[in-house]
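Structure below is work34.txt: compact mmCIF, C-alpha atoms and all ligand atoms.
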# COMPACT_ATOMS: atom_id res chain seq x y z
CA MET A 17 -39.46 1.01 65.20
CA ALA A 18 -36.25 -0.93 64.77
CA ASP A 19 -36.49 -4.65 64.05
CA PHE A 20 -33.60 -5.53 66.37
CA SER A 21 -31.64 -3.75 69.08
CA ILE A 22 -27.91 -4.23 69.42
CA LEU A 23 -25.55 -3.16 72.19
CA ALA A 24 -22.07 -2.33 70.85
CA LEU A 25 -19.15 -2.35 73.31
CA GLY A 26 -15.82 -1.33 71.80
CA GLY A 27 -13.75 -2.16 74.87
CA ASP A 28 -10.00 -1.56 74.90
CA GLY A 29 -6.97 -1.32 72.62
CA ILE A 30 -7.87 -2.11 69.02
CA GLY A 31 -11.42 -3.05 70.17
CA PRO A 32 -13.07 0.27 69.26
CA GLU A 33 -11.25 0.32 65.88
CA VAL A 34 -12.29 -3.16 64.75
CA LEU A 35 -15.80 -2.65 66.11
CA ALA A 36 -16.28 0.62 64.19
CA ALA A 37 -15.22 -1.15 60.99
CA ALA A 38 -17.60 -4.04 61.73
CA LEU A 39 -20.48 -1.63 62.44
CA ASP A 40 -20.04 -0.12 58.95
CA VAL A 41 -20.47 -3.60 57.51
CA THR A 42 -23.45 -4.23 59.82
CA GLU A 43 -25.16 -1.10 58.53
CA VAL A 44 -24.69 -2.02 54.88
CA ALA A 45 -25.75 -5.63 55.46
CA SER A 46 -28.91 -4.64 57.34
CA GLY A 47 -29.76 -2.13 54.59
CA LEU A 48 -29.45 -4.86 51.97
CA ALA A 49 -31.61 -7.18 54.09
CA GLY A 50 -34.23 -4.46 54.50
CA ILE A 51 -34.17 -4.48 58.28
CA ARG A 52 -33.65 -1.66 60.76
CA LEU A 53 -31.23 -1.97 63.65
CA ASP A 54 -31.11 0.17 66.76
CA ILE A 55 -27.44 0.24 67.84
CA ALA A 56 -26.50 1.65 71.26
CA GLU A 57 -22.86 2.02 72.34
CA ASP A 58 -21.29 1.76 75.80
CA LEU A 59 -17.95 1.17 77.52
CA LEU A 60 -16.63 -2.16 78.78
CA HIS A 61 -13.72 -3.37 80.89
CA GLY A 62 -10.70 -1.00 80.91
CA ALA A 63 -12.58 1.81 79.21
CA ALA A 64 -15.40 1.42 81.77
CA TRP A 65 -12.89 1.27 84.62
CA GLU A 66 -11.30 4.56 83.56
CA ALA A 67 -14.68 6.30 83.20
CA HIS A 68 -16.71 4.70 86.00
CA GLY A 69 -14.37 2.74 88.32
CA THR A 70 -15.98 -0.62 87.48
CA PHE A 71 -15.26 -3.13 84.71
CA CYS A 72 -18.94 -3.42 83.82
CA ARG A 73 -21.68 -1.08 85.03
CA GLU A 74 -25.07 -2.40 86.14
CA GLU A 75 -26.59 -0.17 83.41
CA THR A 76 -24.53 -2.05 80.82
CA VAL A 77 -25.82 -5.39 82.11
CA THR A 78 -29.40 -4.07 81.96
CA ALA A 79 -28.91 -2.80 78.40
CA ALA A 80 -27.38 -6.15 77.37
CA ARG A 81 -30.37 -8.00 78.84
CA ALA A 82 -32.74 -5.83 76.83
CA ALA A 83 -30.82 -6.11 73.55
CA ASP A 84 -31.22 -8.85 70.93
CA ALA A 85 -27.44 -9.13 70.62
CA VAL A 86 -24.26 -7.69 72.08
CA LEU A 87 -21.22 -6.91 69.91
CA VAL A 88 -17.82 -6.55 71.58
CA GLY A 89 -14.51 -5.29 70.13
CA ALA A 90 -11.86 -6.57 72.55
CA VAL A 91 -11.15 -6.09 76.24
CA GLY A 92 -8.13 -6.02 78.51
CA GLY A 93 -4.64 -4.64 78.74
CA PRO A 94 -1.70 -4.76 81.14
CA GLU A 95 -2.78 -1.56 82.91
CA TRP A 96 -5.88 -3.30 84.33
CA ASP A 97 -4.48 -6.80 84.94
CA ASP A 98 -3.63 -6.33 88.60
CA ILE A 99 -6.69 -4.38 89.70
CA ARG A 100 -8.77 -6.41 92.18
CA VAL A 101 -12.34 -5.47 93.00
CA PRO A 102 -14.57 -7.26 95.55
CA GLY A 103 -16.57 -10.24 94.24
CA GLY A 104 -15.97 -13.46 92.30
CA PRO A 105 -13.76 -13.99 89.24
CA GLU A 106 -16.38 -12.40 86.98
CA MET A 107 -16.07 -9.05 88.77
CA GLN A 108 -12.44 -8.73 87.61
CA ASP A 109 -13.43 -8.92 83.94
CA GLY A 110 -16.18 -6.89 82.27
CA LEU A 111 -16.85 -9.43 79.58
CA MET A 112 -16.99 -12.35 82.00
CA ARG A 113 -19.47 -10.41 84.10
CA LEU A 114 -21.67 -9.90 81.06
CA ARG A 115 -21.49 -13.57 80.07
CA LYS A 116 -22.39 -14.66 83.59
CA ALA A 117 -25.23 -12.12 83.89
CA LEU A 118 -26.75 -13.22 80.57
CA ASP A 119 -26.00 -16.91 81.24
CA ALA A 120 -24.27 -17.06 77.87
CA TYR A 121 -23.14 -20.65 78.29
CA ALA A 122 -22.59 -21.84 74.72
CA GLY A 123 -19.32 -20.57 73.29
CA LEU A 124 -18.99 -21.08 69.52
CA ARG A 125 -15.57 -20.77 67.91
CA PRO A 126 -15.56 -21.64 64.24
CA ALA A 127 -12.17 -22.10 62.62
CA ARG A 128 -12.07 -22.55 58.88
CA ALA A 129 -9.17 -22.68 56.53
CA TRP A 130 -8.82 -20.02 53.84
CA PRO A 131 -7.04 -21.80 50.99
CA GLU A 132 -5.50 -18.52 49.80
CA LEU A 133 -3.92 -18.03 53.26
CA GLY A 134 -2.53 -21.54 53.55
CA ARG A 135 1.01 -20.16 53.74
CA PHE A 136 0.22 -18.88 57.24
CA THR A 137 -0.51 -22.38 58.53
CA PRO A 138 1.93 -25.16 59.40
CA PHE A 139 -0.07 -27.72 57.41
CA ARG A 140 1.29 -29.73 54.51
CA ALA A 141 -0.49 -28.95 51.22
CA GLY A 142 -3.79 -30.82 51.00
CA LEU A 143 -4.04 -31.64 54.69
CA ALA A 144 -6.21 -28.76 55.88
CA GLU A 145 -7.20 -26.53 52.96
CA ARG A 146 -10.92 -27.15 53.41
CA ALA A 147 -10.86 -27.62 57.18
CA ASP A 148 -13.95 -26.22 58.87
CA ILE A 149 -14.07 -26.97 62.59
CA MET A 150 -16.57 -25.57 65.07
CA VAL A 151 -15.46 -25.76 68.69
CA LEU A 152 -18.29 -25.53 71.21
CA ARG A 153 -17.11 -24.57 74.69
CA GLU A 154 -19.18 -24.56 77.87
CA MET A 155 -18.63 -21.02 79.14
CA THR A 156 -20.22 -20.47 82.55
CA GLY A 157 -19.34 -23.53 84.65
CA GLY A 158 -16.60 -26.02 85.35
CA VAL A 159 -13.24 -25.50 86.95
CA MET A 160 -13.16 -21.78 86.09
CA PHE A 161 -16.18 -21.07 88.33
CA ALA A 162 -16.93 -24.01 90.64
CA SER A 163 -16.01 -23.74 94.30
CA PRO A 164 -14.26 -24.29 96.61
CA ARG A 165 -11.27 -22.48 95.16
CA GLY A 166 -8.52 -20.41 96.64
CA GLN A 167 -5.05 -20.12 98.07
CA GLU A 168 -4.09 -20.82 101.64
CA ARG A 169 -1.26 -22.25 103.69
CA ARG A 170 -1.26 -25.93 104.48
CA ALA A 171 1.41 -27.38 106.75
CA GLY A 172 3.40 -24.19 106.31
CA ARG A 173 3.42 -24.34 102.52
CA ARG A 174 1.47 -22.26 99.99
CA TYR A 175 -1.43 -24.23 98.55
CA GLY A 176 -3.66 -23.33 95.60
CA PHE A 177 -6.74 -25.26 94.54
CA ASP A 178 -9.76 -25.26 92.21
CA THR A 179 -12.71 -27.57 91.82
CA ALA A 180 -13.77 -29.24 88.57
CA ALA A 181 -17.54 -29.71 88.87
CA TYR A 182 -20.63 -29.79 86.66
CA ASP A 183 -24.21 -30.67 87.40
CA GLU A 184 -26.21 -32.72 84.93
CA GLY A 185 -28.34 -29.74 83.88
CA GLU A 186 -25.28 -27.75 82.84
CA ILE A 187 -23.96 -30.69 80.82
CA ALA A 188 -27.33 -31.47 79.21
CA ARG A 189 -27.88 -27.95 77.92
CA ILE A 190 -24.45 -27.66 76.29
CA ALA A 191 -24.93 -31.15 74.85
CA HIS A 192 -28.24 -30.08 73.25
CA SER A 193 -26.41 -27.07 71.80
CA GLY A 194 -23.76 -29.38 70.36
CA PHE A 195 -26.25 -31.72 68.71
CA ARG A 196 -28.34 -28.86 67.30
CA LEU A 197 -25.23 -27.18 65.97
CA ALA A 198 -24.07 -30.42 64.33
CA ARG A 199 -27.48 -30.68 62.66
CA THR A 200 -26.96 -27.33 60.93
CA ARG A 201 -23.55 -28.55 59.70
CA LYS A 202 -22.22 -31.97 58.68
CA GLY A 203 -24.00 -33.88 61.44
CA ARG A 204 -20.88 -34.99 63.32
CA LEU A 205 -20.22 -34.22 67.00
CA VAL A 206 -17.07 -35.07 68.95
CA SER A 207 -17.33 -34.70 72.73
CA ALA A 208 -13.90 -34.27 74.33
CA ASP A 209 -13.40 -35.16 77.99
CA LYS A 210 -11.06 -36.91 80.41
CA ALA A 211 -13.56 -39.50 81.61
CA ASN A 212 -10.67 -41.92 82.10
CA VAL A 213 -9.30 -39.97 85.06
CA MET A 214 -11.93 -37.55 86.46
CA GLU A 215 -15.39 -38.01 87.99
CA SER A 216 -16.91 -34.81 86.59
CA TYR A 217 -15.98 -36.02 83.10
CA LYS A 218 -17.51 -39.46 83.75
CA LEU A 219 -20.77 -37.61 84.41
CA TRP A 220 -20.15 -35.43 81.33
CA ARG A 221 -19.82 -38.50 79.12
CA ALA A 222 -22.87 -40.20 80.64
CA VAL A 223 -25.14 -37.16 80.22
CA VAL A 224 -23.94 -36.47 76.65
CA THR A 225 -24.71 -40.11 75.80
CA GLU A 226 -28.23 -39.76 77.28
CA VAL A 227 -28.93 -36.57 75.31
CA ALA A 228 -27.67 -38.27 72.12
CA ALA A 229 -30.77 -40.49 72.13
CA GLU A 230 -32.80 -37.44 71.05
CA TYR A 231 -30.56 -36.84 68.02
CA PRO A 232 -30.32 -40.11 66.07
CA ASP A 233 -29.41 -38.11 62.96
CA VAL A 234 -26.15 -36.85 64.54
CA THR A 235 -23.05 -39.07 64.80
CA LEU A 236 -21.54 -38.76 68.28
CA THR A 237 -17.96 -39.75 69.08
CA HIS A 238 -16.46 -39.52 72.56
CA MET A 239 -12.74 -38.77 72.64
CA TYR A 240 -10.27 -38.16 75.40
CA ALA A 241 -9.24 -34.55 75.07
CA ASP A 242 -5.53 -35.24 74.66
CA ASN A 243 -6.16 -37.67 71.81
CA CYS A 244 -8.72 -35.25 70.34
CA ALA A 245 -6.06 -32.52 70.20
CA PHE A 246 -3.68 -34.88 68.43
CA GLN A 247 -6.31 -36.03 65.91
CA MET A 248 -7.42 -32.45 65.19
CA MET A 249 -3.93 -31.61 64.01
CA ARG A 250 -3.34 -34.95 62.29
CA THR A 251 -6.62 -35.08 60.32
CA PRO A 252 -8.34 -31.67 60.59
CA LEU A 253 -10.70 -32.46 57.71
CA SER A 254 -12.35 -35.27 59.69
CA PHE A 255 -13.78 -32.86 62.30
CA ASP A 256 -17.09 -30.99 62.27
CA VAL A 257 -18.28 -29.90 65.76
CA VAL A 258 -15.98 -30.49 68.75
CA MET A 259 -17.52 -29.94 72.18
CA GLY A 260 -15.83 -29.61 75.55
CA CYS A 261 -16.12 -28.17 79.04
CA ASN A 262 -14.89 -24.68 79.85
CA LEU A 263 -11.24 -25.74 80.27
CA ILE A 264 -10.96 -28.30 77.47
CA GLY A 265 -12.97 -26.05 75.13
CA ASP A 266 -10.52 -23.23 75.83
CA PHE A 267 -7.52 -25.30 74.75
CA LEU A 268 -9.19 -26.96 71.78
CA SER A 269 -10.55 -23.69 70.36
CA ASP A 270 -7.09 -22.14 70.25
CA LEU A 271 -5.75 -25.33 68.74
CA ALA A 272 -8.43 -25.39 66.03
CA ALA A 273 -7.50 -21.80 65.18
CA VAL A 274 -4.24 -23.10 63.69
CA VAL A 275 -6.13 -24.21 60.56
CA SER A 276 -7.15 -20.63 59.75
CA GLY A 277 -3.67 -19.19 59.92
CA SER A 278 -4.37 -15.91 61.69
CA LEU A 279 -5.85 -14.83 64.99
CA GLY A 280 -7.28 -11.73 63.32
CA LEU A 281 -9.65 -13.79 61.15
CA LEU A 282 -11.47 -15.66 63.89
CA PRO A 283 -14.96 -14.82 65.13
CA SER A 284 -16.77 -16.11 68.19
CA ALA A 285 -20.22 -16.19 69.71
CA CYS A 286 -21.48 -16.82 73.22
CA LEU A 287 -25.11 -17.86 73.01
CA CYS A 288 -27.65 -17.72 75.83
CA GLY A 289 -29.46 -20.78 74.46
CA SER A 290 -29.21 -23.50 71.84
CA PRO A 291 -28.40 -22.59 68.27
CA GLY A 292 -31.02 -23.36 65.65
CA GLY A 293 -33.62 -20.66 66.31
CA ARG A 294 -33.26 -17.04 67.34
CA VAL A 295 -31.14 -16.72 70.48
CA LYS A 296 -29.54 -13.80 72.28
CA GLY A 297 -25.76 -13.80 72.12
CA ILE A 298 -22.52 -11.94 72.72
CA TYR A 299 -20.30 -11.71 69.62
CA GLU A 300 -16.63 -10.81 69.56
CA PRO A 301 -13.43 -11.58 67.69
CA VAL A 302 -11.19 -14.22 69.24
CA HIS A 303 -8.13 -11.97 69.42
CA GLY A 304 -7.33 -9.72 72.36
CA SER A 305 -6.97 -5.95 72.55
CA ALA A 306 -3.50 -5.98 70.90
CA PRO A 307 -2.16 -2.92 72.75
CA ASP A 308 1.02 -3.11 70.61
CA ILE A 309 -0.84 -1.93 67.50
CA ALA A 310 -3.74 0.03 69.06
CA GLY A 311 -4.46 3.46 67.60
CA GLN A 312 -2.58 2.81 64.36
CA GLY A 313 -5.59 1.90 62.23
CA ILE A 314 -3.94 -1.33 61.00
CA ALA A 315 -5.75 -4.00 63.05
CA ASN A 316 -7.43 -6.72 61.03
CA PRO A 317 -11.21 -6.30 61.47
CA ALA A 318 -12.10 -9.58 59.72
CA GLY A 319 -12.69 -11.51 62.96
CA THR A 320 -15.11 -8.84 64.17
CA ILE A 321 -16.87 -8.66 60.80
CA LEU A 322 -17.25 -12.45 60.81
CA SER A 323 -18.63 -12.17 64.36
CA VAL A 324 -21.27 -9.84 62.93
CA ALA A 325 -22.09 -12.60 60.44
CA MET A 326 -22.57 -15.01 63.38
CA MET A 327 -24.89 -12.43 64.97
CA PHE A 328 -27.02 -12.30 61.83
CA GLU A 329 -27.21 -16.08 61.85
CA HIS A 330 -27.99 -16.80 65.51
CA SER A 331 -29.55 -13.69 67.05
CA LEU A 332 -31.30 -12.18 64.03
CA ALA A 333 -32.11 -15.56 62.43
CA LEU A 334 -30.97 -14.29 59.02
CA PRO A 335 -28.47 -16.97 57.92
CA ALA A 336 -28.61 -15.81 54.30
CA VAL A 337 -27.20 -12.43 55.37
CA ALA A 338 -24.50 -14.22 57.37
CA ARG A 339 -23.46 -16.17 54.26
CA ARG A 340 -23.32 -12.94 52.22
CA ILE A 341 -21.04 -11.27 54.76
CA GLU A 342 -18.76 -14.32 54.88
CA ALA A 343 -18.58 -14.43 51.10
CA ALA A 344 -17.76 -10.69 50.98
CA VAL A 345 -14.95 -11.17 53.51
CA GLU A 346 -13.58 -14.07 51.49
CA ARG A 347 -13.64 -12.04 48.24
CA ALA A 348 -11.95 -9.08 49.96
CA LEU A 349 -9.17 -11.42 51.15
CA VAL A 350 -8.81 -13.19 47.80
CA SER A 351 -8.59 -9.87 45.95
CA GLY A 352 -5.59 -8.98 48.10
CA HIS A 353 -6.96 -6.63 50.74
CA LEU A 354 -4.65 -7.90 53.45
CA THR A 355 -3.79 -6.09 56.68
CA PRO A 356 -0.18 -6.23 57.97
CA ASP A 357 -0.81 -9.34 60.13
CA LEU A 358 -1.40 -11.14 56.81
CA GLY A 359 1.60 -9.58 55.12
CA GLY A 360 -0.27 -6.78 53.34
CA THR A 361 -0.62 -3.02 53.70
CA ALA A 362 -4.40 -2.63 53.97
CA THR A 363 -5.75 -0.52 56.83
CA THR A 364 -8.65 -1.45 59.13
CA ARG A 365 -10.89 1.00 57.25
CA GLY A 366 -9.57 -0.11 53.87
CA PHE A 367 -10.46 -3.73 54.56
CA ALA A 368 -13.93 -2.80 55.84
CA ASP A 369 -14.50 -0.65 52.73
CA ALA A 370 -13.48 -3.58 50.53
CA VAL A 371 -16.01 -5.80 52.35
CA THR A 372 -18.85 -3.30 52.04
CA ALA A 373 -18.02 -2.82 48.34
CA GLU A 374 -18.18 -6.61 47.86
CA LEU A 375 -21.49 -6.73 49.74
CA ARG A 376 -23.00 -4.11 47.47
CA ALA A 377 -21.59 -5.68 44.28
P1 LIG A 401 -5.55 -11.57 75.38
O1 LIG A 401 -4.92 -11.92 76.67
O2 LIG A 401 -6.68 -10.60 75.49
O3 LIG A 401 -5.88 -12.77 74.56
P2 LIG A 401 -3.04 -11.30 74.08
O4 LIG A 401 -2.03 -10.29 74.42
O5 LIG A 401 -2.85 -12.71 74.45
O6 LIG A 401 -4.44 -10.77 74.59
P3 LIG A 401 -3.75 -10.33 71.49
O7 LIG A 401 -4.14 -9.05 72.10
O8 LIG A 401 -4.77 -11.03 70.69
O9 LIG A 401 -3.25 -11.38 72.52
O10 LIG A 401 -2.45 -10.08 70.62
C1 LIG A 401 -1.53 -11.10 70.26
C2 LIG A 401 -0.73 -10.66 69.02
O11 LIG A 401 -1.57 -10.73 67.88
C3 LIG A 401 -0.26 -9.22 69.12
O12 LIG A 401 1.01 -9.10 68.54
C4 LIG A 401 -1.26 -8.46 68.31
O13 LIG A 401 -0.75 -7.30 67.72
C5 LIG A 401 -1.71 -9.47 67.26
N1 LIG A 401 -3.13 -9.26 66.92
C6 LIG A 401 -4.20 -9.59 67.66
N2 LIG A 401 -5.34 -9.24 67.07
C7 LIG A 401 -5.00 -8.67 65.89
C8 LIG A 401 -5.74 -8.09 64.82
N3 LIG A 401 -7.07 -8.03 64.83
N4 LIG A 401 -5.06 -7.59 63.78
C9 LIG A 401 -3.71 -7.65 63.74
N5 LIG A 401 -2.96 -8.17 64.70
C10 LIG A 401 -3.59 -8.69 65.78
MG MG A 402 -4.34 -14.30 74.79
If you took the structure in this file and wrote it as structure tokens, what would it be?
Ligand code: ATP
Ligand code: MG
Amino acid sequence: MADFSILALGGDGIGPEVLAAALDVTEVASGLAGIRLDIAEDLLHGAAWEAHGTFCREETVTAARAADAVLVGAVGGPEWDDIRVPGGPEMQDGLMRLRKALDAYAGLRPARAWPELGRFTPFRAGLAERADIMVLREMTGGVMFASPRGQERRAGRRYGFDTAAYDEGEIARIAHSGFRLARTRKGRLVSADKANVMESYKLWRAVVTEVAAEYPDVTLTHMYADNCAFQMMRTPLSFDVVMGCNLIGDFLSDLAAVVSGSLGLLPSACLCGSPGGRVKGIYEPVHGSAPDIAGQGIANPAGTILSVAMMFEHSLALPAVARRIEAAVERALVSGHLTPDLGGTATTRGFADAVTAELRA
């Protein structure tokens, strides 16, 4: 009997390549930890569309519900962008469908600086070398999903509209995630909103403040999102966990990524509950399917490997294994195993081999 079951979805473009590399690391890491994993593979998004005429099969949703964790390579590509199938926004995107079906509402995007890669960032020496920012994004509500939404004609002109809305339960659960996450880190939480100009953010701020009473050990700061963006770039070292709604979290997580220097290095997790115990989650690199380099074996798999580390931490509750994987990735980078996006000549496989060698060392 396996200790944990994992659903692996390669997706599109470089997705299957970076996922295969990350699965090699997963196998070695689980062997070292003395646990057995049952890993099932399936198709998602474009690959699923080509094979089954849907971006995410019901069977895939069922398998994801049964698994302890879901690993994803990358999804999407221009060939599927304009396909419209009946249903809400989540039906147009396999990954979004999965997140919605699993209620994976807590999006974690860590961005840390790698001192040896500082030349890839725009920061002045000393300003961001040890930056380590975790952006927590609400993933299943807000303006991306709330209704009414649509396009129509009003007074003879085209009119498009969306609704920014949250109920207090949605805000409270992401707030709990933020405080619990801050507890496992430096104990500082920034909540970014626009409570100065929007009602849904006034409620956001009020509910976050109420939840804060349960976490006296965490320092909460409310910031307006625009100022938060400015401060994150001005003094990146002063930030620990930054939390925002679906829209603000989207912007701030890409912004935080600047401290790391490369898109290919960034992992992410979408958890179906609060961090701190063992929680089901969907793990994937931040980058897209990179059709321009797909099939060449040169994609950087570090973001996917670091997503595996997040899986060990949050879904398998083995943080020590997560730290070992992160350290192995760091040593592989420091010893010069750099893929072309980082100015080197390492291949996807070559980098994964360097990481597994470091893990075993
Ligand atoms: P999406 O809309 O899914 O975010 P995108 O087209 O905006 O996709 P990516 O697919 O992430 O963005 O690609 C952006 C650029 O970064 C491309 O030039 C791509 O080759 C490069 N890139 C992305 N991921 C990697 C990676 N893992 N290794 C090397 N280069 C990458
Ligand atoms: Mg993109």
_Please find the residues contacting ligand LIG 401 (chain A) at a distance of at most 9 Å between atoms, with all atoms listed in the file counted, and report them as a PyMOL selection string._
chain A and resi 29-31+34+90-94+278-282+301-310+314-320+355-358+364
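Here atom CA of A:Ala38 is placed at a distance of 4.8 Å from atom CA of A:Ile321.
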*asked:* Set the distance at 8 Å and use all atoms listed in the file: which residues neighbour stretch 330-332 of chain A once local chain neighbours fewer than 3 positions away are removed? I'd like the list as number ranges by chain.
replied: A: 20, 84-85, 291-297, 326-327, 335
*With all atoms listed in the file as the atoms that count, which of A:Asp270, A:His61, A:Gly26, A:Gly47 lies nearest to ligand MG 402 (chain A)?*
A:Asp270
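Interatomic distance, atom CA of A:Arg201 to atom CA of A:Pro138: 25.7 Å.
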*Counting only C-alpha atoms, figure out which residue out of A:Leu133, A:Ala180, A:Ala24, A:Leu334 gets nearest to A:Ser276.*
A:Leu133
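Among the candidates A:Leu375, A:Leu236, A:Leu354, A:Val88, the residue lying nearest to A:Phe195 is A:Leu236 (atoms considered: only C-alpha atoms).
What separates atom CA of A:Leu271 from atom CA of A:Asp242 is a distance of 11.5 Å.
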_Near-A:Gly194 list (7 Å; all atoms listed in the file; drop same-chain fewer than 4 positions) as a list in words_ = Leu152, Ile190, Ala198, Leu205 and Met259 of chain A
*Extract, using only C-alpha atoms, all DNA, RNA and protein residues at most 8 Å from A:Phe71, discarding same-chain residues fewer than 6 positions from it, and format them as a ChimeraX atom specification.*
/A:60-65,107-110
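Environment of (-33.9, -6.7, 55.8): residues at most 12 Å away, judged by all atoms listed in the file, are Ala18, Asp19, Phe20, Thr42, Glu43, Val44, Ala45, Ser46, Gly47, Leu48, Ala49, Gly50, Ile51, Arg52, Leu53, Phe328, Leu332, Ala333, Leu334, Pro335, Ala336 and Val337 of chain A.
The nearest approach to A:Gly142 among the residues A:Asp209, A:Thr251, A:Thr156, A:Asp119, with all atoms listed in the file taken into account, belongs to A:Thr251.
If you measure from each of A:Gly166, A:Gly203, A:Gly104, A:Gly260 to A:Gly123 using all atoms listed in the file, the closest one turns out to be A:Gly260.
In terms of minimum interatomic distance to ligand MG 402 (chain A), A:Asp266 ranks closest within A:Ile99, A:Asp266, A:Thr179, A:Val258, counting only C-alpha atoms and all ligand atoms.
Once all atoms listed in the file are considered, the residues situated within 12 Å of the file point (-5.8, -13.2, 47.1) turn out to be Trp130, Pro131, Glu132, Leu133, Gly134, Arg135, Val345, Glu346, Arg347, Ala348, Leu349, Val350, Ser351, Gly352, His353, Leu354, Leu358, Gly359 and Gly360 of chain A.
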Quick one: 8 Å padding each side, axis-aligned, all listed atoms of stretch 333-337 of chain A - centre and edge lengths in Å to one decimal, as JSON?
{"center_x": -29.7, "center_y": -14.7, "center_z": 58.4, "size_x": 20.9, "size_y": 20.5, "size_z": 24.1}
